[in-house]
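Data block for coords_39.cif (mmCIF, C-alpha atoms and all ligand atoms):
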data_final
#
loop_
_atom_site.label_atom_id
_atom_site.label_comp_id
_atom_site.auth_asym_id
_atom_site.auth_seq_id
_atom_site.Cartn_x
_atom_site.Cartn_y
_atom_site.Cartn_z
CA MET J 243 11.68 -17.84 14.56
CA ASP J 244 12.95 -17.49 10.98
CA THR J 245 11.82 -14.74 8.59
CA GLN J 246 9.09 -16.74 6.88
CA GLU J 247 7.67 -17.98 10.17
CA PHE J 248 7.69 -14.45 11.63
CA PHE J 249 5.97 -13.17 8.48
CA GLU J 250 3.28 -15.87 8.53
CA THR J 251 2.60 -15.33 12.23
CA ASN J 252 2.60 -11.54 12.28
CA GLY J 253 1.72 -10.64 8.69
CA TYR J 254 4.66 -8.28 8.28
CA VAL J 255 8.43 -8.23 8.41
CA VAL J 256 11.12 -5.53 8.23
CA LEU J 257 14.07 -6.56 6.08
CA ARG J 258 17.16 -4.49 6.78
CA ASP J 259 19.59 -3.09 4.18
CA PHE J 260 17.64 -4.59 1.33
CA TRP J 261 18.76 -2.59 -1.72
CA ALA J 262 22.25 -3.81 -2.56
CA GLN J 263 22.37 -2.66 -6.21
CA GLY J 264 21.83 1.07 -5.76
CA GLU J 265 18.11 0.80 -6.61
CA LEU J 266 17.08 3.28 -3.92
CA ASP J 267 19.70 5.84 -5.01
CA SER J 268 18.42 5.60 -8.60
CA LEU J 269 14.86 6.19 -7.43
CA GLN J 270 15.91 9.21 -5.39
CA ALA J 271 17.95 10.63 -8.30
CA GLN J 272 14.97 10.30 -10.64
CA LEU J 273 12.70 11.82 -8.02
CA ASP J 274 15.02 14.83 -7.76
CA GLU J 275 15.16 15.13 -11.55
CA LEU J 276 11.36 15.13 -11.72
CA GLY J 277 11.15 17.58 -8.82
CA CYS J 278 13.48 20.01 -10.60
CA LEU J 279 11.26 19.90 -13.70
CA VAL J 280 8.00 20.32 -11.81
CA VAL J 281 8.90 22.50 -8.82
CA GLY J 282 12.11 24.26 -9.86
CA PRO J 283 15.89 23.85 -10.02
CA SER J 284 16.41 24.11 -6.26
CA PHE J 285 14.25 21.01 -5.59
CA SER J 286 15.85 18.46 -3.30
CA SER J 287 13.83 15.55 -1.92
CA VAL J 288 16.20 15.31 1.04
CA LYS J 289 15.88 18.92 2.14
CA LEU J 290 12.40 19.85 1.01
CA SER J 291 9.94 20.73 3.76
CA GLY J 292 7.03 20.94 1.31
CA HIS J 293 6.09 24.48 2.28
CA THR J 294 7.76 25.87 -0.81
CA MET J 295 5.63 23.82 -3.23
CA SER J 296 2.38 25.21 -4.58
CA ALA J 297 -0.71 22.99 -4.47
CA GLU J 298 -0.57 22.69 -8.26
CA GLN J 299 3.10 21.66 -8.23
CA GLN J 300 2.45 19.12 -5.50
CA SER J 301 -0.41 17.53 -7.38
CA MET J 302 1.58 17.43 -10.63
CA LEU J 303 4.54 15.87 -8.82
CA TYR J 304 2.32 13.36 -7.02
CA ASP J 305 0.65 12.26 -10.25
CA ARG J 306 4.00 11.57 -11.95
CA LEU J 307 5.72 9.73 -9.08
CA LYS J 308 4.28 6.33 -9.95
CA TYR J 309 5.76 6.56 -13.46
CA LEU J 310 9.37 6.93 -12.35
CA PRO J 311 11.29 4.25 -14.28
CA ALA J 312 13.30 3.31 -11.19
CA LEU J 313 10.07 2.36 -9.42
CA SER J 314 9.30 -0.16 -12.15
CA CYS J 315 12.89 -1.43 -11.98
CA MET J 316 12.57 -1.94 -8.22
CA SER J 317 9.22 -3.71 -8.61
CA GLY J 318 10.65 -6.10 -11.19
CA SER J 319 14.06 -6.49 -9.58
CA PRO J 320 15.53 -9.95 -8.97
CA ALA J 321 15.87 -8.96 -5.28
CA ILE J 322 12.11 -8.42 -4.91
CA ARG J 323 11.29 -11.59 -6.83
CA ARG J 324 13.66 -13.63 -4.69
CA MET J 325 12.32 -12.10 -1.50
CA CYS J 326 8.70 -12.84 -2.52
CA ARG J 327 9.53 -16.46 -3.26
CA GLY J 328 11.31 -16.66 0.10
CA ILE J 329 8.13 -15.66 1.93
CA GLY J 330 5.95 -18.12 0.07
CA LEU J 331 4.66 -16.49 -3.14
CA GLN J 332 5.17 -19.13 -5.81
CA HIS J 333 4.56 -16.98 -8.88
CA PRO J 334 5.02 -13.32 -7.87
CA ASP J 335 3.49 -10.85 -10.33
CA LEU J 336 2.98 -7.06 -10.28
CA MET J 337 -0.43 -5.57 -9.63
CA GLY J 338 -0.11 -2.36 -11.68
CA CYS J 339 -0.71 -0.15 -8.68
CA CYS J 340 2.84 0.49 -7.51
CA ASN J 341 3.05 4.08 -6.36
CA MET J 342 4.85 6.64 -4.23
CA ARG J 343 3.64 8.89 -1.46
CA LEU J 344 4.85 12.24 -0.31
CA ASP J 345 3.63 13.09 3.15
CA LYS J 346 4.15 16.73 4.02
CA PRO J 347 4.84 17.76 7.62
CA HIS J 348 1.70 18.17 9.72
CA ASP J 349 -0.60 17.45 6.78
CA SER J 350 -3.16 14.89 7.87
CA ARG J 351 -5.44 15.10 4.82
CA HIS J 352 -3.91 12.15 3.01
CA LEU J 353 -3.25 9.82 5.93
CA PHE J 354 -4.81 6.38 5.59
CA ALA J 355 -7.01 5.19 8.44
CA TRP J 356 -6.97 1.49 9.45
CA HIS J 357 -7.56 -0.64 6.38
CA GLN J 358 -6.67 -3.82 4.51
CA ASP J 359 -5.19 -3.28 1.04
CA SER J 360 -7.04 -6.37 -0.28
CA VAL J 361 -10.38 -4.52 -0.02
CA TYR J 362 -9.25 -2.01 -2.66
CA LEU J 363 -6.42 -3.68 -4.59
CA LEU J 364 -7.83 -7.23 -4.60
CA GLY J 365 -5.12 -9.71 -5.71
CA SER J 366 -4.42 -13.17 -4.27
CA VAL J 367 -5.14 -13.85 -0.61
CA ASN J 368 -1.37 -13.96 0.01
CA ALA J 369 -0.60 -10.75 -1.98
CA VAL J 370 1.91 -8.41 -0.35
CA THR J 371 2.73 -4.73 -0.22
CA VAL J 372 6.42 -3.81 -0.09
CA TRP J 373 6.65 -0.46 1.68
CA VAL J 374 9.89 1.32 0.87
CA PRO J 375 10.91 4.33 2.97
CA LEU J 376 13.34 6.76 1.34
CA GLN J 377 14.42 8.05 4.77
CA ASP J 378 14.18 6.78 8.34
CA VAL J 379 10.60 6.34 9.50
CA ASN J 380 9.32 6.49 13.06
CA LEU J 381 6.61 8.26 15.07
CA HIS J 382 8.36 11.61 14.55
CA ARG J 383 8.93 11.36 10.77
CA GLY J 384 5.66 9.51 10.22
CA THR J 385 5.38 5.78 9.59
CA ILE J 386 2.80 3.00 9.52
CA GLN J 387 1.29 0.99 12.33
CA VAL J 388 0.05 -2.57 11.95
CA ILE J 389 -2.11 -5.00 13.92
CA ALA J 390 0.13 -8.05 14.11
CA GLY J 391 -1.65 -11.26 13.12
CA SER J 392 -4.81 -9.51 11.88
CA HIS J 393 -4.39 -11.03 8.39
CA LYS J 394 -5.36 -14.42 9.82
CA ARG J 395 -8.93 -13.27 10.38
CA GLY J 396 -9.46 -12.64 6.64
CA LEU J 397 -11.43 -9.67 5.43
CA ALA J 398 -12.73 -7.50 8.25
CA PRO J 399 -16.31 -6.20 7.93
CA PHE J 400 -16.39 -3.04 5.81
CA LYS J 401 -19.02 -0.45 4.97
CA ARG J 402 -19.79 1.87 2.08
CA ILE J 403 -19.11 5.52 2.76
CA SER J 404 -19.96 6.89 -0.71
CA ASN J 405 -22.84 6.55 -3.14
CA LYS J 406 -20.72 4.97 -5.86
CA VAL J 407 -22.69 2.46 -7.88
CA ILE J 408 -21.89 -1.21 -7.28
CA ALA J 409 -21.04 -2.61 -10.71
CA PRO J 410 -18.36 -5.02 -11.97
CA TYR J 411 -16.04 -2.49 -13.63
CA VAL J 412 -16.14 0.24 -11.00
CA PRO J 413 -13.06 0.37 -8.73
CA MET J 414 -13.67 1.05 -5.04
CA LEU J 415 -11.24 3.43 -3.32
CA GLN J 416 -10.52 4.51 0.24
CA ARG J 417 -13.14 7.23 -0.10
CA ASP J 418 -15.78 4.61 -0.98
CA LEU J 419 -15.24 1.89 1.65
CA SER J 420 -13.97 1.85 5.20
CA LEU J 421 -13.80 -0.61 8.07
CA ALA J 422 -17.18 -1.16 9.72
CA ASP J 423 -15.72 -1.48 13.22
CA GLU J 424 -13.18 0.43 15.26
CA VAL J 425 -9.77 -1.11 15.77
CA THR J 426 -9.15 -1.46 19.48
CA GLU J 427 -6.09 -3.72 19.60
CA ASP J 428 -2.63 -2.37 20.40
CA PRO J 429 -0.76 -1.52 17.21
CA VAL J 430 2.87 -2.21 16.39
CA THR J 431 4.68 0.93 15.22
CA ILE J 432 7.06 0.22 12.37
CA GLU J 433 10.51 1.77 12.73
CA ALA J 434 12.79 1.43 9.75
CA GLN J 435 15.77 3.12 8.18
CA ARG J 436 16.56 4.21 4.68
CA GLY J 437 17.48 1.05 2.78
CA ASP J 438 15.14 -1.23 4.75
CA ILE J 439 11.86 -2.54 3.35
CA VAL J 440 8.68 -3.39 5.18
CA VAL J 441 6.76 -6.28 3.64
CA PHE J 442 3.20 -6.86 4.78
CA LYS J 443 0.29 -8.98 3.70
CA GLN J 444 -2.44 -7.06 1.95
CA MET J 445 -4.86 -8.70 4.41
CA LEU J 446 -3.04 -7.04 7.33
CA LEU J 447 -4.71 -4.12 9.11
CA HIS J 448 -2.46 -1.06 8.92
CA ARG J 449 -2.65 2.74 8.93
CA SER J 450 -0.53 5.87 8.45
CA THR J 451 0.81 7.95 11.34
CA PRO J 452 1.23 11.72 10.99
CA ASN J 453 4.50 13.32 9.94
CA LEU J 454 5.49 15.48 12.92
CA SER J 455 8.88 16.49 11.52
CA ASP J 456 9.75 19.45 9.29
CA GLN J 457 10.71 17.30 6.26
CA ILE J 458 8.61 15.48 3.68
CA ARG J 459 8.25 11.71 4.25
CA TRP J 460 8.80 9.88 0.95
CA THR J 461 7.84 6.23 0.47
CA ALA J 462 7.30 3.83 -2.43
CA GLN J 463 4.76 1.01 -2.40
CA LEU J 464 5.21 -2.08 -4.55
CA ARG J 465 2.24 -4.45 -4.78
CA ILE J 466 2.72 -8.09 -5.62
CA THR J 467 0.22 -10.88 -6.13
CA ASP J 468 0.68 -14.63 -6.51
CA LEU J 469 -0.59 -16.09 -9.79
CA ALA J 470 -0.20 -19.59 -8.38
CA ASP J 471 -3.07 -19.07 -5.93
CA ALA J 472 -5.84 -21.44 -7.12
CA ASP J 473 -8.73 -19.28 -5.92
CA TYR J 474 -7.24 -16.25 -7.60
CA ARG J 475 -6.88 -18.13 -10.89
CA ARG J 476 -10.43 -19.42 -10.65
CA GLN J 477 -11.60 -15.81 -10.47
CA LYS J 478 -9.47 -14.80 -13.50
CA PHE J 479 -6.87 -12.80 -11.57
CA PRO J 480 -8.98 -9.78 -10.49
CA THR J 481 -7.26 -6.49 -9.61
CA GLY J 482 -8.73 -3.38 -8.02
CA ASP J 483 -8.24 -1.11 -11.04
CA ARG J 484 -10.74 -3.23 -13.04
CA THR J 485 -13.29 -4.53 -10.55
CA ASN J 486 -14.12 -4.40 -6.87
CA ILE J 487 -14.61 -6.36 -3.67
CA PHE J 488 -18.31 -6.91 -4.36
CA TYR J 489 -17.32 -9.24 -7.21
CA VAL J 490 -14.36 -11.10 -5.73
CA ASP J 491 -14.44 -13.92 -3.17
CA TYR J 492 -11.96 -14.48 -0.36
CA PRO J 493 -12.06 -17.13 2.35
CA GLY J 494 -15.02 -16.15 4.54
CA HIS J 495 -16.15 -13.45 2.10
CA ASP J 496 -18.86 -14.47 -0.35
CA SER J 497 -19.10 -11.55 -2.77
CA ALA J 498 -22.51 -12.55 -4.20
CA ALA J 499 -24.04 -12.63 -0.71
CA ARG J 500 -22.39 -9.32 0.19
CA ARG J 501 -23.65 -7.73 -3.01
CA ALA J 502 -27.19 -8.96 -2.37
CA GLN J 503 -27.01 -7.46 1.12
CA GLU J 504 -25.95 -4.08 -0.29
CA MET J 505 -28.66 -4.14 -2.98
CA GLN J 506 -31.27 -4.97 -0.36
CA GLY J 507 -29.99 -2.09 1.78
CA ALA J 508 -30.40 0.21 -1.22
CA THR J 509 -34.05 -0.77 -1.72
CA ASN J 510 -34.94 -0.86 2.04
CA PRO J 511 -33.41 2.32 3.47
O1 LIG S 601 2.41 5.13 3.79
C1 LIG S 601 1.36 5.24 4.41
O2 LIG S 601 1.16 6.16 5.21
C2 LIG S 601 0.26 4.26 4.24
C3 LIG S 601 0.46 3.39 3.07
C4 LIG S 601 -0.59 2.36 2.97
O3 LIG S 601 -1.38 2.14 3.83
C5 LIG S 601 -0.66 1.58 1.75
O4 LIG S 601 -0.01 1.95 0.78
O5 LIG S 601 -1.39 0.59 1.74
#

Final structure tokens representation of the file:
Amino acid sequence: MDTQEFFETNGYVVLRDFWAQGELDSLQAQLDELGCLVVGPSFSSVKLSGHTMSAEQQSMLYDRLKYLPALSCMSGSPAIRRMCRGIGLQHPDLMGCCNMRLDKPHDSRHLFAWHQDSVYLLGSVNAVTVWVPLQDVNLHRGTIQVIAGSHKRGLAPFKRISNKVIAPYVPMLQRDLSLADEVTEDPVTIEAQRGDIVVFKQMLLHRSTPNLSDQIRWTAQLRITDLADADYRRQKFPTGDRTNIFYVDYPGHDSAARRAQEMQGATNP
């Protein structure tokens, strides 16, 4: 099975030794520079366990990570564009929600439960997330698990878990919506090394696993949509920072019907 076939069948693929132009080293250097400014001169992303950072420093660092110039360079790199075209995106475009995570050892507060990115980020039905580990990832260091092939079923039923108003310009986040049903299938645990990338469809069910090591787990997430998708164009290229899943259709998901159902639920408790 070639890469594209594997990707279409399973909804994800791990591409080894992807960054040939030093992109990952630049990101790490900028991360360390930022860390020194925010946390102090002894900051080192490679050695830091996270225990030496105050909550305020961590939140300041976290908020700035997505603005690192190297992250934008990676997102717009010829390598990423070529790779996206190779797996079937005809007109790859950025979604404005590229970000980085820092997962501290034994800190489960920010782990993501099973979800599909499309529910929150929207984008074309074939949009992808490129998950970029800055160190090896596995069940000890913390990683992601996926349900292979789950993208083929389209959007899974979801439920509201907050009281946020349903309106066109209100983004819906992980704290607002979750899967309606439990995931019972056997997951695939992603193992990857520094330099590899994990590409998965935003329709794929995936979740975080805890970091059981004594070092921070650093990852970057690049999000890419396909402007050539006819249904996406018809809907004027919606993204999750400007609207939400109650106003965007996907195959098998009629947003108007779903919205009516929610409104009815609100009037008939
Ligand atoms: O890195 C993780 O633990 C989860 C990331 C994730 O689910 C996402 O960015 O969509």

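Taking all atoms listed in the file into account, ligand LIG 601 (chain S) lies nearest to J:Val441 out of the set J:Leu303, J:Met243, J:Val441, J:Ala502.
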
Distance table requested - stretch 297-389 of chain J against stretch 396-412 of chain J, cut-off 9 Å, only C-alpha atoms: one row per qualifying residue with the closest atom pair and its distance in Å to one decimal, ordered by chain and rising residue number, as a tab-separated table.
residue	atom	partner	partner_atom	distance
J:His357	CA	J:Ala398	CA	8.8
J:Gln358	CA	J:Leu397	CA	7.6
J:Ser360	CA	J:Leu397	CA	7.9
J:Val361	CA	J:Leu397	CA	7.6
J:Val367	CA	J:Gly396	CA	8.5

Where does stretch 375-436 of chain J meet stretch 258-272 of chain J within 10 Å, residue by residue, with the nearest atom pair and distance in Å to one decimal for each, counting only C-alpha atoms, listed by chain and rising number, as a Markdown table?
| residue | atom | partner | partner_atom | distance |
| --- | --- | --- | --- | --- |
| J:Pro375 | CA | J:Leu266 | CA | 9.3 |
| J:Leu376 | CA | J:Leu266 | CA | 7.3 |
| J:Ala434 | CA | J:Arg258 | CA | 7.9 |
| J:Gln435 | CA | J:Arg258 | CA | 7.9 |
| J:Arg436 | CA | J:Asp259 | CA | 7.9 |

As JSON: centre and edge lengths in Å, one decimal, of the axis-aligned box holding stretch 339-355 of chain J with 4 Å per side:
{"center_x": -1.1, "center_y": 9.0, "center_z": 0.5, "size_x": 19.9, "size_y": 26.3, "size_z": 26.4}

For chain J against ligand LIG 601 (chain S), with a cut-off of 9 Å and counting only C-alpha atoms and all ligand atoms, what is the closest atom pair and its distance in Å to one decimal for every residue that makes the cut, ordered by chain and number, as CSV?
residue,atom,partner,partner_atom,distance
J:Cys340,CA,S:LIG601,O4,8.9
J:Asn341,CA,S:LIG601,O4,8.1
J:Met342,CA,S:LIG601,O4,8.4
J:Arg343,CA,S:LIG601,O1,6.6
J:Leu344,CA,S:LIG601,O1,8.6
J:Asp345,CA,S:LIG601,O2,7.6
J:His352,CA,S:LIG601,O2,8.2
J:Leu353,CA,S:LIG601,O2,5.8
J:Phe354,CA,S:LIG601,C2,5.7
J:Ala355,CA,S:LIG601,O3,7.9
J:Trp356,CA,S:LIG601,O3,8.0
J:His357,CA,S:LIG601,O3,7.2
J:Gln358,CA,S:LIG601,O5,7.4
J:Asp359,CA,S:LIG601,O5,5.5
J:Thr371,CA,S:LIG601,O5,7.0
J:Val372,CA,S:LIG601,O4,8.7
J:Trp373,CA,S:LIG601,O4,7.1
J:Val374,CA,S:LIG601,O1,8.9
J:Pro375,CA,S:LIG601,O1,8.6
J:Gly384,CA,S:LIG601,O2,7.5
J:Thr385,CA,S:LIG601,O2,6.1
J:Ile386,CA,S:LIG601,O2,5.6
J:Gln387,CA,S:LIG601,C2,8.8
J:Gln444,CA,S:LIG601,O5,7.7
J:Leu447,CA,S:LIG601,O3,8.8
J:His448,CA,S:LIG601,O3,6.1
J:Arg449,CA,S:LIG601,O3,5.3
J:Ser450,CA,S:LIG601,O2,3.7
J:Thr451,CA,S:LIG601,O2,6.4
J:Pro452,CA,S:LIG601,O2,8.0
J:Arg459,CA,S:LIG601,O1,8.8
J:Trp460,CA,S:LIG601,O1,8.5
J:Thr461,CA,S:LIG601,O1,6.5
J:Ala462,CA,S:LIG601,O1,8.0
J:Gln463,CA,S:LIG601,O4,5.8
J:Leu464,CA,S:LIG601,O4,8.5
J:Arg465,CA,S:LIG601,O4,8.8

If I take atom CA of J:Ser291 and atom CA of J:Gln457, how far is one from the other in Å, to one decimal? 4.3 Å

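Across the structure, atom CA of J:Val281 and atom CA of J:Ala312 are spaced 19.8 Å apart.
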
Compute the distance from (6.6, -14.1, -3.1) to each atom, counting all atoms listed in the file, keep the residues with any atom at most 9 Å away, and return them as a VMD selection string; use the coordinates of the file. chain J and resid 322 to 335 368 to 370 466 to 468

Write out, as a PDB file, keeping the file's coordinate frame, the residues just selected, with C-alpha atoms.
ATOM      1  CA  ILE J 322      12.110  -8.420  -4.910  1.00  0.00           C
ATOM      2  CA  ARG J 323      11.290 -11.590  -6.830  1.00  0.00           C
ATOM      3  CA  ARG J 324      13.660 -13.630  -4.690  1.00  0.00           C
ATOM      4  CA  MET J 325      12.320 -12.100  -1.500  1.00  0.00           C
ATOM      5  CA  CYS J 326       8.700 -12.840  -2.520  1.00  0.00           C
ATOM      6  CA  ARG J 327       9.530 -16.460  -3.260  1.00  0.00           C
ATOM      7  CA  GLY J 328      11.310 -16.660   0.100  1.00  0.00           C
ATOM      8  CA  ILE J 329       8.130 -15.660   1.930  1.00  0.00           C
ATOM      9  CA  GLY J 330       5.950 -18.120   0.070  1.00  0.00           C
ATOM     10  CA  LEU J 331       4.660 -16.490  -3.140  1.00  0.00           C
ATOM     11  CA  GLN J 332       5.170 -19.130  -5.810  1.00  0.00           C
ATOM     12  CA  HIS J 333       4.560 -16.980  -8.880  1.00  0.00           C
ATOM     13  CA  PRO J 334       5.020 -13.320  -7.870  1.00  0.00           C
ATOM     14  CA  ASP J 335       3.490 -10.850 -10.330  1.00  0.00           C
ATOM     15  CA  ASN J 368      -1.370 -13.960   0.010  1.00  0.00           C
ATOM     16  CA  ALA J 369      -0.600 -10.750  -1.980  1.00  0.00           C
ATOM     17  CA  VAL J 370       1.910  -8.410  -0.350  1.00  0.00           C
ATOM     18  CA  ILE J 466       2.720  -8.090  -5.620  1.00  0.00           C
ATOM     19  CA  THR J 467       0.220 -10.880  -6.130  1.00  0.00           C
ATOM     20  CA  ASP J 468       0.680 -14.630  -6.510  1.00  0.00           C
TER      21      ASP J 468
END

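You can rank J:Glu427, J:Asp483, J:Asp456, J:Glu275 by their closest distance to J:Met414 using all atoms listed in the file, and at the top of that list sits J:Asp483.
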
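Pairwise distance (atom CA of J:Pro347, atom CA of J:Leu454) equals 5.8 Å.
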
Top pick for closest residue to J:Arg383, considering J:Gln506, J:Thr481, J:Ser420, J:Ser455 and counting all atoms listed in the file: J:Ser455

Shortest contact to J:Gly282, candidates J:Val256, J:Met295, J:Met445, J:Ile389, atoms counted all atoms listed in the file, goes to J:Met295

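When only C-alpha atoms are used to measure the gap to J:Leu381, the shortest distance among J:Met505, J:Val255, J:Glu433, J:Gly277 belongs to J:Glu433.
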
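Shell of J:Leu257 at 9 Å, with all atoms listed in the file counted and residues fewer than 6 places along the chain excluded, is J:Thr245, J:Ala434, J:Gly437, J:Asp438, J:Ile439, J:Val440, J:Val441.
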
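Closest approach to J:His382 among J:Val430, J:His348, J:Arg484, J:Val288 is made by J:His348 (distances from only C-alpha atoms).
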
I'd like the neighbourhood of J:Asn252 as number ranges by chain, where a residue qualifies if any of its atoms comes within 10 Å (using all atoms listed in the file), though same-chain residues fewer than 6 positions away should be ignored. J: 246, 388-394, 442-443, 446

Would you put the residues from that selection into a file with C-alpha atoms, as a tab-separated table (two decimals), keeping the file's coordinate frame?
chain	number	residue	atom	x	y	z
J	246	GLN	CA	9.09	-16.74	6.88
J	388	VAL	CA	0.05	-2.57	11.95
J	389	ILE	CA	-2.11	-5.00	13.92
J	390	ALA	CA	0.13	-8.05	14.11
J	391	GLY	CA	-1.65	-11.26	13.12
J	392	SER	CA	-4.81	-9.51	11.88
J	393	HIS	CA	-4.39	-11.03	8.39
J	394	LYS	CA	-5.36	-14.42	9.82
J	442	PHE	CA	3.20	-6.86	4.78
J	443	LYS	CA	0.29	-8.98	3.70
J	446	LEU	CA	-3.04	-7.04	7.33

Take stretch 276-297 of chain J, bring it up to N, CA and C atoms, and give me the output as a JSON list (two decimals), in the frame of the given file.
[["chain", "number", "residue", "atom", "x", "y", "z"],
["J", 276, "LEU", "N", 12.77, 14.78, -11.49],
["J", 276, "LEU", "CA", 11.36, 15.13, -11.72],
["J", 276, "LEU", "C", 11.00, 16.39, -10.94],
["J", 277, "GLY", "N", 11.44, 16.43, -9.68],
["J", 277, "GLY", "CA", 11.15, 17.58, -8.82],
["J", 277, "GLY", "C", 11.68, 18.87, -9.42],
["J", 278, "CYS", "N", 12.89, 18.81, -10.00],
["J", 278, "CYS", "CA", 13.48, 20.01, -10.60],
["J", 278, "CYS", "C", 12.63, 20.49, -11.78],
["J", 279, "LEU", "N", 12.10, 19.54, -12.55],
["J", 279, "LEU", "CA", 11.26, 19.90, -13.70],
["J", 279, "LEU", "C", 9.93, 20.51, -13.25],
["J", 280, "VAL", "N", 9.35, 19.92, -12.22],
["J", 280, "VAL", "CA", 8.00, 20.32, -11.81],
["J", 280, "VAL", "C", 8.01, 21.52, -10.87],
["J", 281, "VAL", "N", 8.92, 21.48, -9.89],
["J", 281, "VAL", "CA", 8.90, 22.50, -8.82],
["J", 281, "VAL", "C", 9.92, 23.62, -9.09],
["J", 282, "GLY", "N", 11.08, 23.24, -9.59],
["J", 282, "GLY", "CA", 12.11, 24.26, -9.86],
["J", 282, "GLY", "C", 13.48, 23.70, -9.58],
["J", 283, "PRO", "N", 14.53, 24.40, -10.06],
["J", 283, "PRO", "CA", 15.89, 23.85, -10.02],
["J", 283, "PRO", "C", 16.45, 23.64, -8.60],
["J", 284, "SER", "N", 15.86, 24.28, -7.61],
["J", 284, "SER", "CA", 16.41, 24.11, -6.26],
["J", 284, "SER", "C", 15.80, 22.90, -5.54],
["J", 285, "PHE", "N", 14.93, 22.15, -6.23],
["J", 285, "PHE", "CA", 14.25, 21.01, -5.59],
["J", 285, "PHE", "C", 15.25, 19.98, -5.08],
["J", 286, "SER", "N", 15.05, 19.57, -3.85],
["J", 286, "SER", "CA", 15.85, 18.46, -3.30],
["J", 286, "SER", "C", 14.95, 17.64, -2.40],
["J", 287, "SER", "N", 14.76, 16.37, -2.71],
["J", 287, "SER", "CA", 13.83, 15.55, -1.92],
["J", 287, "SER", "C", 14.34, 15.38, -0.49],
["J", 288, "VAL", "N", 15.64, 15.50, -0.30],
["J", 288, "VAL", "CA", 16.20, 15.31, 1.04],
["J", 288, "VAL", "C", 15.94, 16.52, 1.92],
["J", 289, "LYS", "N", 15.97, 17.71, 1.31],
["J", 289, "LYS", "CA", 15.88, 18.92, 2.14],
["J", 289, "LYS", "C", 14.49, 19.54, 2.16],
["J", 290, "LEU", "N", 13.65, 19.12, 1.20],
["J", 290, "LEU", "CA", 12.40, 19.85, 1.01],
["J", 290, "LEU", "C", 11.42, 19.69, 2.17],
["J", 291, "SER", "N", 10.93, 20.82, 2.68],
["J", 291, "SER", "CA", 9.94, 20.73, 3.76],
["J", 291, "SER", "C", 8.53, 20.65, 3.19],
["J", 292, "GLY", "N", 8.36, 21.00, 1.92],
["J", 292, "GLY", "CA", 7.03, 20.94, 1.31],
["J", 292, "GLY", "C", 6.33, 22.27, 1.34],
["J", 293, "HIS", "N", 6.79, 23.20, 2.18],
["J", 293, "HIS", "CA", 6.09, 24.48, 2.28],
["J", 293, "HIS", "C", 6.33, 25.34, 1.04],
["J", 294, "THR", "N", 7.39, 25.03, 0.32],
["J", 294, "THR", "CA", 7.76, 25.87, -0.81],
["J", 294, "THR", "C", 7.10, 25.40, -2.11],
["J", 295, "MET", "N", 6.29, 24.34, -2.03],
["J", 295, "MET", "CA", 5.63, 23.82, -3.23],
["J", 295, "MET", "C", 4.20, 24.35, -3.30],
["J", 296, "SER", "N", 3.78, 24.79, -4.47],
["J", 296, "SER", "CA", 2.38, 25.21, -4.58],
["J", 296, "SER", "C", 1.51, 23.95, -4.65],
["J", 297, "ALA", "N", 0.20, 24.13, -4.42],
["J", 297, "ALA", "CA", -0.71, 22.99, -4.47],
["J", 297, "ALA", "C", -0.68, 22.35, -5.86]]
